[in-house]
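First up is the structure itself, then whatever we jot down about it.
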Amino acid sequence: MFGKRSLDGPTKSAAPPPPPPGGAEIATRPQRKEAPRPLEAAMVPAPKPTAASSGPRATAALEQLKAAQGGGGKDGAVTEIVREQSDYYHATKTTIYTALLNTIDLAQLAQLDVRAAAEEIRDIVAELVAIKNVSMSGAEQEHLVQDIINDVLGYGPLEPLLARDDIADIMVNGAGRVFIEVGGKVQLTNVRFRDNQQLMNICQRIVSQIGRRVDESSPICDARLPDGSRVNVIGPPLALDGPTLTIRKFKKDKLTMSNLVGFGSISPEGARVLGVIGASRCNVLISGGTGSGKTTLLNTMTAFIDPTERVITCEDAAELQLQQPHVVRLETRPPNLEGQGQITMRDLVKNCLRMRPERIIVGEVRGPEAFDLLQAMNTGHDGSMGTLHANSPREAISRIESMITMGGYGLPSRTIREMVVGSIDVIIQAARLRDGSRRITHITEVVGLEGDVIITQDLFVYEITGEDANGGVAGRHRSTGIARPRFWDRARYYGLERELADALDDAE
């Protein structure tokens with residue numbers, strides 16, 4: 001283990017501390033390095049707390065939110081994310097953290113594995129707490145040690161939030177305000193950062209893991225965490241109140257279609273129909289608003305793909321979690337510092353056509369790549385899937401037309417609609433209701449073209465019937481009574497017509 005210098009921490013005297021007896025090796029933090037390591041470059045000592053700290057405002061806002069929701073109780077209270085941390089705790093943490101940086105050599109620390117580095121930090125922090133006569137209980141000291149380890153080796157104050165599996169979204173609005181979504185409801189937490197610089201350092205640490213950057217010249221970045229959780233960062237000068245970080249967390253345990261049935265997102269009969277749609281290689285478009293569960297639904301739909309099929313995914317930030325053995329994952333690339341080297345979604349979709357795909361899955365259709373996806377669906381790549389933002393199946397079709405038009409192809413509207421009819425078999429609509437619950441509201445198939453109008457028909461719809469005893473939305477999934485959908489022949493080709501017929505009969 002590397003050596004330490006005196007643990008007295010920063011002092012008012014300008015003289016350096018005396019060397020330890022016996023000529024022991026001293027590992028001091030260098031003042032200037034030609035090529036700092038990423039870990040050291042990300043560590044910036046926090047400034048001393050000032051009266052203008054955002055901590056009291058965040059604490060006051062938390063208390064106001066608690067009072068507005070009833071001040072406690074199982075139903076209305078704000079979920080406690082971490083223990084209440086006073087200004088004294090944050091000031092002490094800043095002092096110990098600054099002394100730690102002046103005590104250890106981060107260059108040598110970066111060469112250790114995570115466990116050894118954490119033990120080294122734990123030992124030094126314990127000595128610093130004893131030397132500085134910090135008044136803390138054993139539990140508080142353990143929290144302090146873990147917080148500092150997270151700051152040096154992990155994602156700082158975000159670590160307790162990332163460890164919880166019931167949190168769907170983490171929204172950081174500057175250093176002093178962190179919100180989460182639990183059970184479809186947004187809540188303010190008492191988590192905070194030392195300052196905006198620490199928050200920006202953590203953002204840079206996240207995006208650098210996948211070779212991307214976020215700074216003043218490139219203040220917007222899409223990235224992902226190692227577990228596939230989606231990350232968006234927008235920093236100054238575009239974000240006026242400090243860096244804004246949004247994390248869409250994925251559950252550690254992958255959701256299945258049976259889980260969606262248990263949550264009430266879809267009826268058992270509707271789930272069986274979706275299974276037939278996925279297994280019989282229908283071309284599927286999943287539409288919905290932000291946070292409606294499109295990606296989760298797409299992940300569950302891919303469970304019906306035959307393990308022998310070659311699947312290629314194209315995404316802006318890789319987040320799909322396919323379980324098949326033969327999956328090729330492709331990801332877009334932003335331009336470099338010189339503005340060169342950008343790889344767009346359309347480039348990926350065009351290239352994957354040369355990779356012998358059997359199914360193409362586009363994480364999200366946003367622009368001209370819609371044309372290439374329809375071409376792939378219509379030229380032998382049955383079973384392809386994609387998601388897009390839309391409020392209804394009809395609007396999803398309109399958005400596909402608009403995105404193709406924006407690509408500058410100059411095609412007549414009828415030609416585009418013929419492509420849509422010939423390519424897309426089923427549109428699945430997902431929605432997040434006002435109580436935070438997520439439901440599959442439509443399973444709609446594209447029937448054909450009459451004149452210049454695309455004809456669709458609903459197989460299943462979700463009807464809202466009122467409210468339950470807890471004030472949540474009550475409703476039911478209802479079959480529209482169509483006994484032979486348009487993809488019946490495709491289901492029969494794959495030997496699934498009996499399963500489809502039974503599911504439709506049971507739903508009536």
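The chains in the structure tokens are called A, B, ... from first to last as shown; in each chain the residues are counted from 1, and the ligands are counted from 1 in the order shown.
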Exercise: Thr332 in chain A partners within 10 Å, only C-alpha atoms, chain neighbours under 6 positions left out, as an MDAnalysis selection string: chainID A and resid 314:318 342:348
Leaving out Tyr494 in chain A and any residue of its chain fewer than 6 positions from it, which residues lie within 9 Å of it when counting only C-alpha atoms, given as a tab-separated table (two decimals) with all heavy atoms, in the first residue's frame?
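Output saved as out.tsv:
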chain	number	residue	atom	x	y	z
A	279	ALA	N	-43.58	-13.64	-32.03
A	279	ALA	CA	-43.05	-14.91	-32.51
A	279	ALA	C	-43.30	-15.12	-34.00
A	279	ALA	O	-42.52	-15.81	-34.67
A	279	ALA	CB	-43.66	-16.07	-31.72
A	280	SER	N	-44.38	-14.54	-34.54
A	280	SER	CA	-44.70	-14.75	-35.97
A	280	SER	C	-44.04	-13.69	-36.85
A	280	SER	O	-44.40	-13.57	-38.02
A	280	SER	CB	-46.21	-14.73	-36.17
A	280	SER	OG	-46.77	-13.50	-35.75
A	281	ARG	N	-43.10	-12.93	-36.30
A	281	ARG	CA	-42.28	-11.99	-37.07
A	281	ARG	C	-43.12	-10.92	-37.76
A	281	ARG	O	-42.91	-10.60	-38.94
A	281	ARG	CB	-41.39	-12.73	-38.07
A	281	ARG	CG	-40.46	-13.72	-37.42
A	281	ARG	CD	-39.44	-14.28	-38.39
A	281	ARG	NE	-38.53	-13.25	-38.88
A	281	ARG	CZ	-37.45	-13.47	-39.61
A	281	ARG	NH1	-37.14	-14.72	-39.95
A	281	ARG	NH2	-36.69	-12.50	-40.02
Residues flagged strand (DSSP E or B) by DSSP in range 107-249 of chain A, as number ranges by chain: A: 167-173, 178-182, 185-188, 220-224, 230-234, 244-248
Restrict the calculation to only C-alpha atoms, then for each residue of range 172-231 of chain A with any atom at most 9 Å from an atom of range 247-255 of chain A give the closest atom pair and their distance in Å to one decimal, rows by chain and rising residue number, as JSON lines.
{"residue": "A:Val172", "atom": "CA", "partner": "A:Ile247", "partner_atom": "CA", "distance": 8.6}
{"residue": "A:Arg224", "atom": "CA", "partner": "A:Ile247", "partner_atom": "CA", "distance": 8.4}
{"residue": "A:Leu225", "atom": "CA", "partner": "A:Ile247", "partner_atom": "CA", "distance": 8.8}
{"residue": "A:Asp227", "atom": "CA", "partner": "A:Phe250", "partner_atom": "CA", "distance": 7.6}
{"residue": "A:Gly228", "atom": "CA", "partner": "A:Phe250", "partner_atom": "CA", "distance": 7.1}
{"residue": "A:Ser229", "atom": "CA", "partner": "A:Lys249", "partner_atom": "CA", "distance": 4.7}
{"residue": "A:Arg230", "atom": "CA", "partner": "A:Arg248", "partner_atom": "CA", "distance": 5.0}
{"residue": "A:Val231", "atom": "CA", "partner": "A:Ile247", "partner_atom": "CA", "distance": 4.6}
Output of the above residues as a PDB file, in the first residue's frame, restricted to N, CA and C atoms:
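As a result, part_34.pdb now contains:
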ATOM      1  N   VAL A 172     -31.428  15.561 -11.652  1.00  0.00           N
ATOM      2  CA  VAL A 172     -30.574  16.475 -10.900  1.00  0.00           C
ATOM      3  C   VAL A 172     -30.651  17.849 -11.563  1.00  0.00           C
ATOM      4  N   ARG A 224     -24.820   6.381 -21.217  1.00  0.00           N
ATOM      5  CA  ARG A 224     -25.450   5.271 -20.495  1.00  0.00           C
ATOM      6  C   ARG A 224     -24.541   4.855 -19.360  1.00  0.00           C
ATOM      7  N   LEU A 225     -25.140   4.241 -18.355  1.00  0.00           N
ATOM      8  CA  LEU A 225     -24.384   3.652 -17.263  1.00  0.00           C
ATOM      9  C   LEU A 225     -24.013   2.211 -17.620  1.00  0.00           C
ATOM     10  N   ASP A 227     -24.946  -0.495 -16.432  1.00  0.00           N
ATOM     11  CA  ASP A 227     -26.097  -1.408 -16.437  1.00  0.00           C
ATOM     12  C   ASP A 227     -27.084  -1.111 -17.550  1.00  0.00           C
ATOM     13  N   GLY A 228     -26.777  -0.134 -18.414  1.00  0.00           N
ATOM     14  CA  GLY A 228     -27.653   0.202 -19.533  1.00  0.00           C
ATOM     15  C   GLY A 228     -28.601   1.346 -19.273  1.00  0.00           C
ATOM     16  N   SER A 229     -28.621   1.891 -18.047  1.00  0.00           N
ATOM     17  CA  SER A 229     -29.509   3.017 -17.745  1.00  0.00           C
ATOM     18  C   SER A 229     -29.168   4.215 -18.626  1.00  0.00           C
ATOM     19  N   ARG A 230     -30.213   4.882 -19.098  1.00  0.00           N
ATOM     20  CA  ARG A 230     -30.045   5.997 -20.028  1.00  0.00           C
ATOM     21  C   ARG A 230     -29.666   7.271 -19.273  1.00  0.00           C
ATOM     22  N   VAL A 231     -28.716   8.023 -19.810  1.00  0.00           N
ATOM     23  CA  VAL A 231     -28.214   9.234 -19.170  1.00  0.00           C
ATOM     24  C   VAL A 231     -28.276  10.382 -20.170  1.00  0.00           C
TER      25      VAL A 231
END
Exercise: range 405-418 of chain A partners within 7 Å, only C-alpha atoms, chain neighbours under 4 positions left out, as a ChimeraX atom specification: /A:368,401,422,452,454
Based on the selection just made, write N, CA, C and O atoms of those residues as a CSV table (one decimal), in the first residue's frame.
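So the final result, stored in selection.csv, reads:
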chain,number,residue,atom,x,y,z
A,368,PRO,N,-34.8,10.9,-40.5
A,368,PRO,CA,-34.9,10.2,-41.8
A,368,PRO,C,-34.6,8.7,-41.8
A,368,PRO,O,-34.9,8.1,-42.8
A,401,GLU,N,-44.7,9.5,-41.6
A,401,GLU,CA,-44.7,10.3,-42.8
A,401,GLU,C,-43.9,11.6,-42.7
A,401,GLU,O,-43.2,11.9,-43.7
A,422,GLY,N,-47.3,-1.3,-46.5
A,422,GLY,CA,-46.6,-2.6,-46.8
A,422,GLY,C,-45.5,-3.0,-45.8
A,422,GLY,O,-45.0,-4.1,-45.9
A,452,ASP,N,-56.4,7.7,-50.3
A,452,ASP,CA,-55.1,8.2,-49.7
A,452,ASP,C,-55.2,8.1,-48.1
A,452,ASP,O,-54.3,8.7,-47.5
A,454,ILE,N,-54.9,5.7,-44.8
A,454,ILE,CA,-54.4,4.4,-44.2
A,454,ILE,C,-55.5,3.9,-43.2
A,454,ILE,O,-55.9,4.6,-42.3
DSSP-assigned helix (DSSP H, G or I) members of range 207-436 of chain A, reported as a ChimeraX atom specification: /A:207-208,257-263,268-279,294-304,345-352,369-377,393-406,413-423
Give me, as a PDB file with all heavy atoms, in the first residue's frame, all polymer residues having an atom no more than 6 Å from range 182-197 of chain A, counting only C-alpha atoms and skipping those fewer than 6 positions away in the same chain.
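What ended up in out-v5.pdb:
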ATOM      1  N   ILE A 167     -36.529   3.053  -7.925  1.00  0.00           N
ATOM      2  CA  ILE A 167     -36.469   4.391  -8.507  1.00  0.00           C
ATOM      3  C   ILE A 167     -36.406   4.256 -10.022  1.00  0.00           C
ATOM      4  O   ILE A 167     -35.559   3.543 -10.561  1.00  0.00           O
ATOM      5  CB  ILE A 167     -35.253   5.171  -7.977  1.00  0.00           C
ATOM      6  CG1 ILE A 167     -35.401   5.419  -6.469  1.00  0.00           C
ATOM      7  CG2 ILE A 167     -35.092   6.493  -8.709  1.00  0.00           C
ATOM      8  CD1 ILE A 167     -34.209   6.118  -5.847  1.00  0.00           C
ATOM      9  N   ALA A 175     -26.716  21.594  -8.331  1.00  0.00           N
ATOM     10  CA  ALA A 175     -26.085  20.908  -7.205  1.00  0.00           C
ATOM     11  C   ALA A 175     -27.027  20.709  -6.026  1.00  0.00           C
ATOM     12  O   ALA A 175     -26.848  19.772  -5.251  1.00  0.00           O
ATOM     13  CB  ALA A 175     -24.842  21.688  -6.759  1.00  0.00           C
ATOM     14  N   GLY A 176     -28.024  21.557  -5.848  1.00  0.00           N
ATOM     15  CA  GLY A 176     -28.811  21.537  -4.631  1.00  0.00           C
ATOM     16  C   GLY A 176     -30.178  20.919  -4.719  1.00  0.00           C
ATOM     17  O   GLY A 176     -30.877  20.829  -3.702  1.00  0.00           O
ATOM     18  N   GLY A 242     -26.886  25.528 -13.459  1.00  0.00           N
ATOM     19  CA  GLY A 242     -25.933  24.460 -13.209  1.00  0.00           C
ATOM     20  C   GLY A 242     -26.229  23.242 -14.056  1.00  0.00           C
ATOM     21  O   GLY A 242     -27.289  23.141 -14.691  1.00  0.00           O
ATOM     22  N   GLY A 436     -49.651   7.866 -12.610  1.00  0.00           N
ATOM     23  CA  GLY A 436     -48.302   7.329 -12.724  1.00  0.00           C
ATOM     24  C   GLY A 436     -48.229   5.916 -13.251  1.00  0.00           C
ATOM     25  O   GLY A 436     -47.134   5.427 -13.545  1.00  0.00           O
TER      26      GLY A 436
END
